[in-house]
>>> print(open('query-v6.cif').read())   # mmCIF, C-alpha atoms
data_run
#
loop_
_atom_site.label_atom_id
_atom_site.label_comp_id
_atom_site.auth_asym_id
_atom_site.auth_seq_id
_atom_site.Cartn_x
_atom_site.Cartn_y
_atom_site.Cartn_z
CA LEU A 1 33.73 -19.58 -1.40
CA LYS A 2 36.21 -19.62 -4.25
CA HIS A 3 39.03 -22.16 -4.27
CA ARG A 4 41.21 -21.12 -7.22
CA GLY A 5 41.97 -18.27 -9.59
CA PHE A 6 41.30 -14.60 -9.03
CA GLY A 7 39.56 -14.09 -5.69
CA ARG A 8 40.67 -17.40 -4.21
CA GLY A 9 39.65 -17.62 -0.57
CA LEU A 10 37.00 -14.91 -0.89
CA TYR A 11 33.21 -15.03 -1.06
CA ASN A 12 31.32 -13.46 -3.93
CA SER A 13 28.26 -13.96 -6.13
CA PHE A 14 28.13 -16.64 -8.79
CA GLY A 15 29.47 -15.40 -12.11
CA GLY A 16 32.32 -15.28 -14.56
CA LYS A 17 33.57 -14.03 -17.88
CA ILE A 18 31.39 -13.73 -20.96
CA ASP A 19 32.44 -16.14 -23.72
CA THR A 20 33.24 -13.75 -26.57
CA HIS A 21 34.17 -16.66 -28.88
CA ILE A 22 30.49 -17.55 -29.26
CA ASN A 23 29.18 -13.96 -29.08
CA GLU A 24 27.56 -14.68 -25.74
CA THR A 25 25.36 -11.97 -24.27
CA PRO A 26 25.69 -10.98 -20.59
CA THR A 27 22.38 -12.70 -19.84
CA GLU A 28 23.45 -15.90 -21.61
CA GLY A 29 26.73 -15.79 -19.72
CA ALA A 30 24.92 -15.46 -16.40
CA VAL A 31 22.68 -18.45 -17.23
CA ARG A 32 25.70 -20.59 -18.17
CA GLU A 33 27.82 -19.59 -15.17
CA LEU A 34 25.00 -20.21 -12.70
CA HIS A 35 24.53 -23.71 -14.10
CA GLU A 36 28.26 -24.48 -14.15
CA GLU A 37 28.92 -23.21 -10.65
CA ALA A 38 25.77 -24.16 -8.76
CA ASN A 39 23.80 -26.62 -10.94
CA ILE A 40 20.93 -24.11 -11.07
CA MET A 41 19.05 -23.90 -14.35
CA VAL A 42 17.39 -20.56 -15.11
CA SER A 43 15.89 -19.64 -18.47
CA PRO A 44 17.34 -16.64 -20.35
CA ASP A 45 13.97 -14.91 -20.11
CA VAL A 46 13.91 -15.18 -16.32
CA MET A 47 17.54 -14.09 -16.06
CA GLU A 48 16.85 -11.08 -18.26
CA ARG A 49 13.97 -10.04 -16.01
CA GLY A 50 16.38 -10.30 -13.11
CA SER A 51 18.82 -7.78 -14.56
CA VAL A 52 19.60 -5.11 -11.99
CA GLY A 53 22.12 -2.96 -13.84
CA THR A 54 25.88 -2.72 -14.14
CA LEU A 55 28.95 -1.91 -12.09
CA CYS A 56 32.18 -0.60 -13.66
CA PHE A 57 35.57 -1.22 -12.10
CA THR A 58 38.84 0.59 -12.77
CA PHE A 59 42.26 0.13 -11.21
CA GLU A 60 44.99 2.58 -10.25
CA ASP A 61 47.76 0.30 -11.51
CA GLN A 62 46.01 -0.32 -14.89
CA PRO A 63 44.69 3.07 -16.10
CA ASP A 64 43.63 1.73 -19.52
CA PHE A 65 41.66 -1.22 -18.14
CA GLU A 66 37.95 -1.23 -17.27
CA MET A 67 35.88 -4.17 -16.07
CA VAL A 68 32.10 -4.08 -16.55
CA VAL A 69 29.96 -6.37 -14.42
CA HIS A 70 26.33 -7.11 -15.28
CA LEU A 71 24.30 -7.80 -12.15
CA TYR A 72 21.29 -10.10 -11.82
CA ARG A 73 19.04 -11.02 -8.94
CA ILE A 74 17.05 -14.26 -9.22
CA ASP A 75 14.81 -15.37 -6.36
CA LEU A 76 14.69 -19.16 -6.08
CA VAL A 77 11.58 -20.97 -4.90
CA ASP A 78 12.31 -24.42 -3.47
CA VAL A 79 9.87 -27.01 -4.81
CA PHE A 80 9.60 -28.41 -1.26
CA SER A 81 9.40 -25.11 0.64
CA ASN A 82 5.72 -24.17 0.23
CA GLY A 83 6.62 -20.96 -1.54
CA VAL A 84 9.44 -19.69 0.66
CA VAL A 85 11.71 -17.57 -1.49
CA VAL A 86 15.50 -17.52 -1.45
CA SER A 87 17.21 -14.53 -3.04
CA LEU A 88 20.19 -15.26 -5.23
CA ALA A 89 22.55 -12.55 -6.41
CA ALA A 90 24.24 -13.72 -9.62
CA ALA A 91 26.77 -11.63 -11.50
CA SER A 92 27.93 -12.10 -15.08
CA ALA A 93 30.73 -9.88 -16.27
CA SER A 94 32.51 -9.10 -19.49
CA ALA A 95 35.62 -9.52 -17.36
CA ALA A 96 34.83 -10.68 -13.86
CA ALA A 97 36.15 -13.31 -11.50
CA ALA A 98 33.77 -16.07 -10.44
CA ALA A 99 33.43 -16.96 -6.78
CA GLY A 100 31.06 -18.35 -4.18
CA GLY A 101 27.48 -17.52 -3.33
CA ALA A 102 25.37 -15.78 -0.73
CA ALA A 103 21.65 -15.64 -0.28
CA ALA A 104 18.98 -14.23 2.00
CA ALA A 105 15.62 -15.68 2.90
CA GLU A 106 12.48 -13.70 2.23
CA THR A 107 8.84 -14.53 2.85
CA GLU A 108 7.04 -11.38 1.66
CA ARG A 109 6.23 -9.76 -1.64
CA PRO A 110 6.70 -11.91 -4.75
CA PRO A 111 9.87 -10.88 -6.58
CA LEU A 112 9.96 -9.93 -10.24
CA ALA A 113 12.31 -12.70 -11.34
CA THR A 114 11.79 -16.15 -9.81
CA ALA A 115 12.79 -19.70 -10.66
CA THR A 116 11.54 -22.92 -9.06
CA VAL A 117 14.36 -25.31 -8.20
CA ASN A 118 15.14 -28.30 -6.02
CA VAL A 119 17.47 -26.65 -3.52
CA SER A 120 18.82 -30.05 -2.45
CA GLN A 121 20.35 -30.44 -5.93
CA ILE A 122 22.38 -27.23 -5.73
CA ARG A 123 26.07 -28.10 -5.69
CA GLY A 124 29.38 -26.41 -6.33
CA CYS A 125 32.32 -27.34 -8.54
CA ASP A 126 36.07 -27.56 -8.23
CA GLU A 127 36.25 -23.76 -8.46
CA ILE A 128 33.69 -22.77 -5.84
CA THR A 129 31.57 -24.06 -2.98
CA PRO A 130 28.17 -22.39 -2.51
CA GLU A 131 27.35 -21.31 1.02
CA TRP A 132 23.98 -19.92 2.08
CA PHE A 133 23.23 -17.34 4.75
CA ASP A 134 19.89 -16.75 6.47
CA MET A 135 20.21 -12.96 6.64
CA PRO A 136 22.23 -10.35 4.72
CA GLN A 137 23.81 -9.31 8.03
CA SER A 138 25.28 -12.82 8.32
CA ILE A 139 27.18 -12.61 5.03
CA PRO A 140 30.97 -12.43 5.69
CA PHE A 141 31.64 -9.09 4.00
CA ASP A 142 35.01 -8.89 5.73
CA ASN A 143 36.08 -11.82 3.50
CA MET A 144 34.75 -10.44 0.20
CA PHE A 145 35.81 -7.83 -2.31
CA ALA A 146 35.40 -4.38 -0.80
CA ASP A 147 32.60 -3.21 -3.12
CA ASP A 148 30.30 -6.12 -2.18
CA SER A 149 29.58 -4.66 1.25
CA ILE A 150 28.29 -1.50 -0.42
CA TRP A 151 25.86 -2.71 -3.09
CA MET A 152 24.96 -6.30 -2.14
CA PRO A 153 23.02 -5.54 1.08
CA ILE A 154 20.89 -3.04 -0.83
CA LEU A 155 20.13 -5.60 -3.53
CA LEU A 156 19.28 -8.44 -1.13
CA GLN A 157 17.14 -6.26 1.15
CA ALA A 158 15.13 -4.68 -1.66
CA ASP A 159 11.47 -5.70 -1.77
CA ARG A 160 11.02 -4.39 -5.30
CA HIS A 161 12.99 -4.38 -8.53
CA VAL A 162 15.99 -2.04 -8.39
CA LYS A 163 18.58 -0.89 -10.93
CA PHE A 164 22.22 -0.20 -10.14
CA ASP A 165 24.59 2.13 -11.96
CA GLY A 166 27.87 2.01 -10.11
CA TYR A 167 31.55 2.79 -10.42
CA PHE A 168 34.37 1.53 -8.18
CA HIS A 169 38.04 2.50 -8.42
CA PHE A 170 40.59 0.19 -6.78
CA ASP A 171 44.29 0.52 -6.10
CA ALA A 172 45.25 -2.70 -7.91
CA ALA A 173 43.70 -5.67 -9.73
CA VAL A 174 44.60 -8.16 -6.99
CA GLU A 175 42.61 -10.03 -4.34
CA HIS A 176 43.57 -7.89 -1.33
CA LEU A 177 42.74 -4.54 -2.84
CA THR A 178 41.47 -1.24 -1.52
CA CYS A 179 38.57 0.73 -2.96
CA LEU A 180 39.84 4.30 -3.40
CA ASP A 181 36.70 5.85 -4.83
CA TYR A 182 33.15 4.89 -5.76
CA TYR A 183 29.79 6.14 -6.96
CA LEU A 184 26.55 4.20 -6.68
CA ASP A 185 23.16 5.14 -8.09
CA VAL A 186 20.19 2.95 -7.10
CA LYS A 187 16.73 3.34 -8.59
CA GLU A 188 13.51 1.58 -7.63
CA GLU A 189 11.79 0.95 -10.93
CA ASP A 190 8.29 -0.08 -9.88
CA GLU A 191 7.28 3.21 -8.27
CA GLU A 192 5.49 5.96 -10.21
CA GLU A 193 8.28 8.30 -9.34
CA GLU A 194 11.64 6.52 -9.14
CA GLU A 195 13.37 7.07 -5.86
CA GLU A 196 17.07 7.66 -6.26
CA THR A 197 19.93 6.93 -3.89
CA LYS A 198 23.29 8.41 -4.80
CA THR A 199 26.46 7.70 -2.86
CA LYS A 200 29.33 10.04 -3.76
CA ASN A 201 32.79 10.70 -2.41
CA ASP A 202 32.00 14.34 -1.61
CA GLY A 203 29.02 13.37 0.57
CA GLU A 204 26.48 15.48 -1.32
CA ALA A 205 23.99 12.64 -1.78
CA GLU A 206 21.05 12.28 0.58
CA VAL A 207 21.96 8.91 2.04
CA ASP A 208 22.54 7.47 5.46
CA SER A 209 25.31 9.39 7.21
CA SER A 210 27.18 6.24 8.24
CA ILE A 211 27.58 5.35 4.56
CA ILE A 212 28.94 8.83 3.86
CA ASN A 213 31.42 8.49 6.73
CA ILE A 214 33.08 5.36 5.40
CA ARG A 215 32.85 6.84 1.91
CA HIS A 216 35.57 9.31 2.80
CA GLU A 217 37.97 6.50 3.69
CA ASP A 218 39.63 3.77 1.69
CA VAL A 219 37.42 0.71 1.76
CA SER A 220 39.46 -2.49 1.73
CA ASN A 221 38.45 -6.13 1.93
CA ASN A 222 39.47 -8.15 4.96
CA ASN A 223 38.55 -5.42 7.45
CA HIS A 224 35.59 -4.69 9.68
CA ASP A 225 34.60 -1.46 7.89
CA ASN A 226 32.89 -3.62 5.28
CA ALA A 227 30.55 -5.11 7.86
CA ALA A 228 29.71 -1.62 9.08
CA ALA A 229 28.96 -0.59 5.52
CA ALA A 230 26.66 -3.57 5.10
CA GLU A 231 24.69 -2.70 8.20
CA ALA A 232 24.36 0.92 7.11
CA ALA A 233 23.23 -0.01 3.62
CA SER A 234 20.75 -2.54 4.98
CA ALA A 235 19.25 0.06 7.30
CA LYS A 236 18.97 2.57 4.48
CA SER A 237 17.28 0.16 2.09
CA SER A 238 14.72 -1.38 5.12
CA GLY A 239 29.78 -8.13 -10.56
CA GLU A 240 38.94 -8.84 -18.19
CA GLY A 241 40.20 -10.45 -14.98
CA GLU A 242 41.54 -13.95 -14.80
CA ASP A 243 39.13 -16.70 -13.86
#
>>> encode(input="query-v6.cif", output="structure tokens")
Amino acid sequence: LKHRGFGRGLYNSFGGKIDTHINETPTEGAVRELHEEANIMVSPDVMERGSVGTLCFTFEDQPDFEMVVHLYRIDLVDVFSNGVVVSLAAASASAAAAAGGAAAAETERPPLATATVNVSQIRGCDEITPEWFDMPQSIPFDNMFADDSIWMPILLQADRHVKFDGYFHFDAAVEHLTCLDYYLDVKEEDEEEEEETKTKNDGEAEVDSSIINIRHEDVSNNNHDNAAAAEAASAKSSGEGED
């Protein structure tokens, strides 16, 4: 849960802006932000293996502005948990707001990118407080940015490495915004033939019909449509703003 800056009062993945003054890469930025915001140390190599693509954001009130978010999924293994895995969605963006955290427990299929940590040492900072959720369906999508309810359940429910290529168009670059249009392409990389899920505004993609239905409407945060989107995405599948 974020306490200040852009997105205050909302939940989101760990993340923040890339430090262009030191020529920081997206992966290096994700490593730094995760340590600053949650006291979790992950090596750049592990973070790079956890890369799951990018999401682009545009805004109706700023036609010349585009925000690119680099997404990462790192599964944390607690040193005291006998191998139980916790999935962590971490986002590092060239221009993204940092916020809180959400996670889902998994006990099957070793993930591609893992890091062993002492979960008891995870802590927040003055900007955010990490909160953990047992299941993706428990995540409060009605108190998150509107796009999170679309892509995050797919990422957390995936039992193999996936890659996102997404685009979201909002009405304004403010906290309580409405998603006017989006496109999301999801590929499972570890199959011989990549399966592809495409969600489009015109409903031509072969995806769950309930996703298509909300696709035709404005998707705004702080409403119950987000939770419905999360459930639909979970069923189908089973990240320069101001800081």
>>> resolve_selection(input="query-v6.cif", expression="the PyMOL selection byres ((chain A and resi 4) around 10)", output="list in words")
Leu1, Lys2, His3, Gly5, Phe6, Gly7, Arg8, Gly9, Leu10, Ala98, Ala99, Asp126, Glu127, Ile128 and Asp243 of chain A
>>> residues_around(input="query-v6.cif", residues="A:Val46", least_positions_apart="2", cutoff="12 Å", atoms="all atoms listed in the file", output="list in words")
Thr27, Glu28, Ala30, Val31, Met41, Val42, Ser43, Pro44, Glu48, Arg49, Gly50, Ser51, Tyr72, Arg73, Ile74, Asp75, Leu76, Pro111, Leu112, Ala113, Thr114, Ala115 and Thr116 of chain A
>>> write_last_selection(input="query-v6.cif", atoms="C-alpha atoms", output="short mmCIF file (atom, residue, chain, number, x, y, z; two decimals), in the frame of the given file")
data_model
loop_
_atom_site.label_atom_id
_atom_site.label_comp_id
_atom_site.auth_asym_id
_atom_site.auth_seq_id
_atom_site.Cartn_x
_atom_site.Cartn_y
_atom_site.Cartn_z
CA THR A 27 22.38 -12.70 -19.84
CA GLU A 28 23.45 -15.90 -21.61
CA ALA A 30 24.92 -15.46 -16.40
CA VAL A 31 22.68 -18.45 -17.23
CA MET A 41 19.05 -23.90 -14.35
CA VAL A 42 17.39 -20.56 -15.11
CA SER A 43 15.89 -19.64 -18.47
CA PRO A 44 17.34 -16.64 -20.35
CA GLU A 48 16.85 -11.08 -18.26
CA ARG A 49 13.97 -10.04 -16.01
CA GLY A 50 16.38 -10.30 -13.11
CA SER A 51 18.82 -7.78 -14.56
CA TYR A 72 21.29 -10.10 -11.82
CA ARG A 73 19.04 -11.02 -8.94
CA ILE A 74 17.05 -14.26 -9.22
CA ASP A 75 14.81 -15.37 -6.36
CA LEU A 76 14.69 -19.16 -6.08
CA PRO A 111 9.87 -10.88 -6.58
CA LEU A 112 9.96 -9.93 -10.24
CA ALA A 113 12.31 -12.70 -11.34
CA THR A 114 11.79 -16.15 -9.81
CA ALA A 115 12.79 -19.70 -10.66
CA THR A 116 11.54 -22.92 -9.06
#
>>> residues_around(input="query-v6.cif", residues="A:Asp147", least_positions_apart="3", cutoff="8 Å", atoms="all atoms listed in the file", output="NGL selection string")
:A and (150-151 or 168 or 179 or 219)
>>> residues_around(input="query-v6.cif", residues="A:Tyr167", least_positions_apart="4", cutoff="6 Å", atoms="all atoms listed in the file", output="number ranges by chain")
A: 55-57, 182-183
>>> atom_distance(input="query-v6.cif", atom1="atom CA of A:Phe14", atom2="atom CA of A:Glu36")
9.5 Å
>>> atom_distance(input="query-v6.cif", atom1="atom CA of A:Val68", atom2="atom CA of A:Val117")
28.9 Å
>>> atom_distance(input="query-v6.cif", atom1="atom CA of A:Leu177", atom2="atom CA of A:Ile154")
22.0 Å
>>> closest_residue(input="query-v6.cif", among="A:His70, A:Val174, A:Met135, A:Lys17", to="A:Met47", atoms="all atoms listed in the file")
A:His70
>>> closest_residue(input="query-v6.cif", among="A:Val52, A:Ile139, A:Val69, A:Ala38", to="A:Ile18", atoms="all atoms listed in the file")
A:Val69
>>> axis_aligned_box(input="query-v6.cif", around="stretch 140-144 of chain A", padding_each_side="6 Å", output="JSON")
{"center_x": 33.5, "center_y": -10.7, "center_z": 3.0, "size_x": 17.1, "size_y": 15.5, "size_z": 17.5}
>>> resolve_selection(input="query-v6.cif", expression="the PyMOL selection byres ((chain A and resi 60) around 7)", output="list in words")
Thr58, Phe59, Asp61, Gln62, Pro63, Phe170, Asp171 and Ala172 of chain A
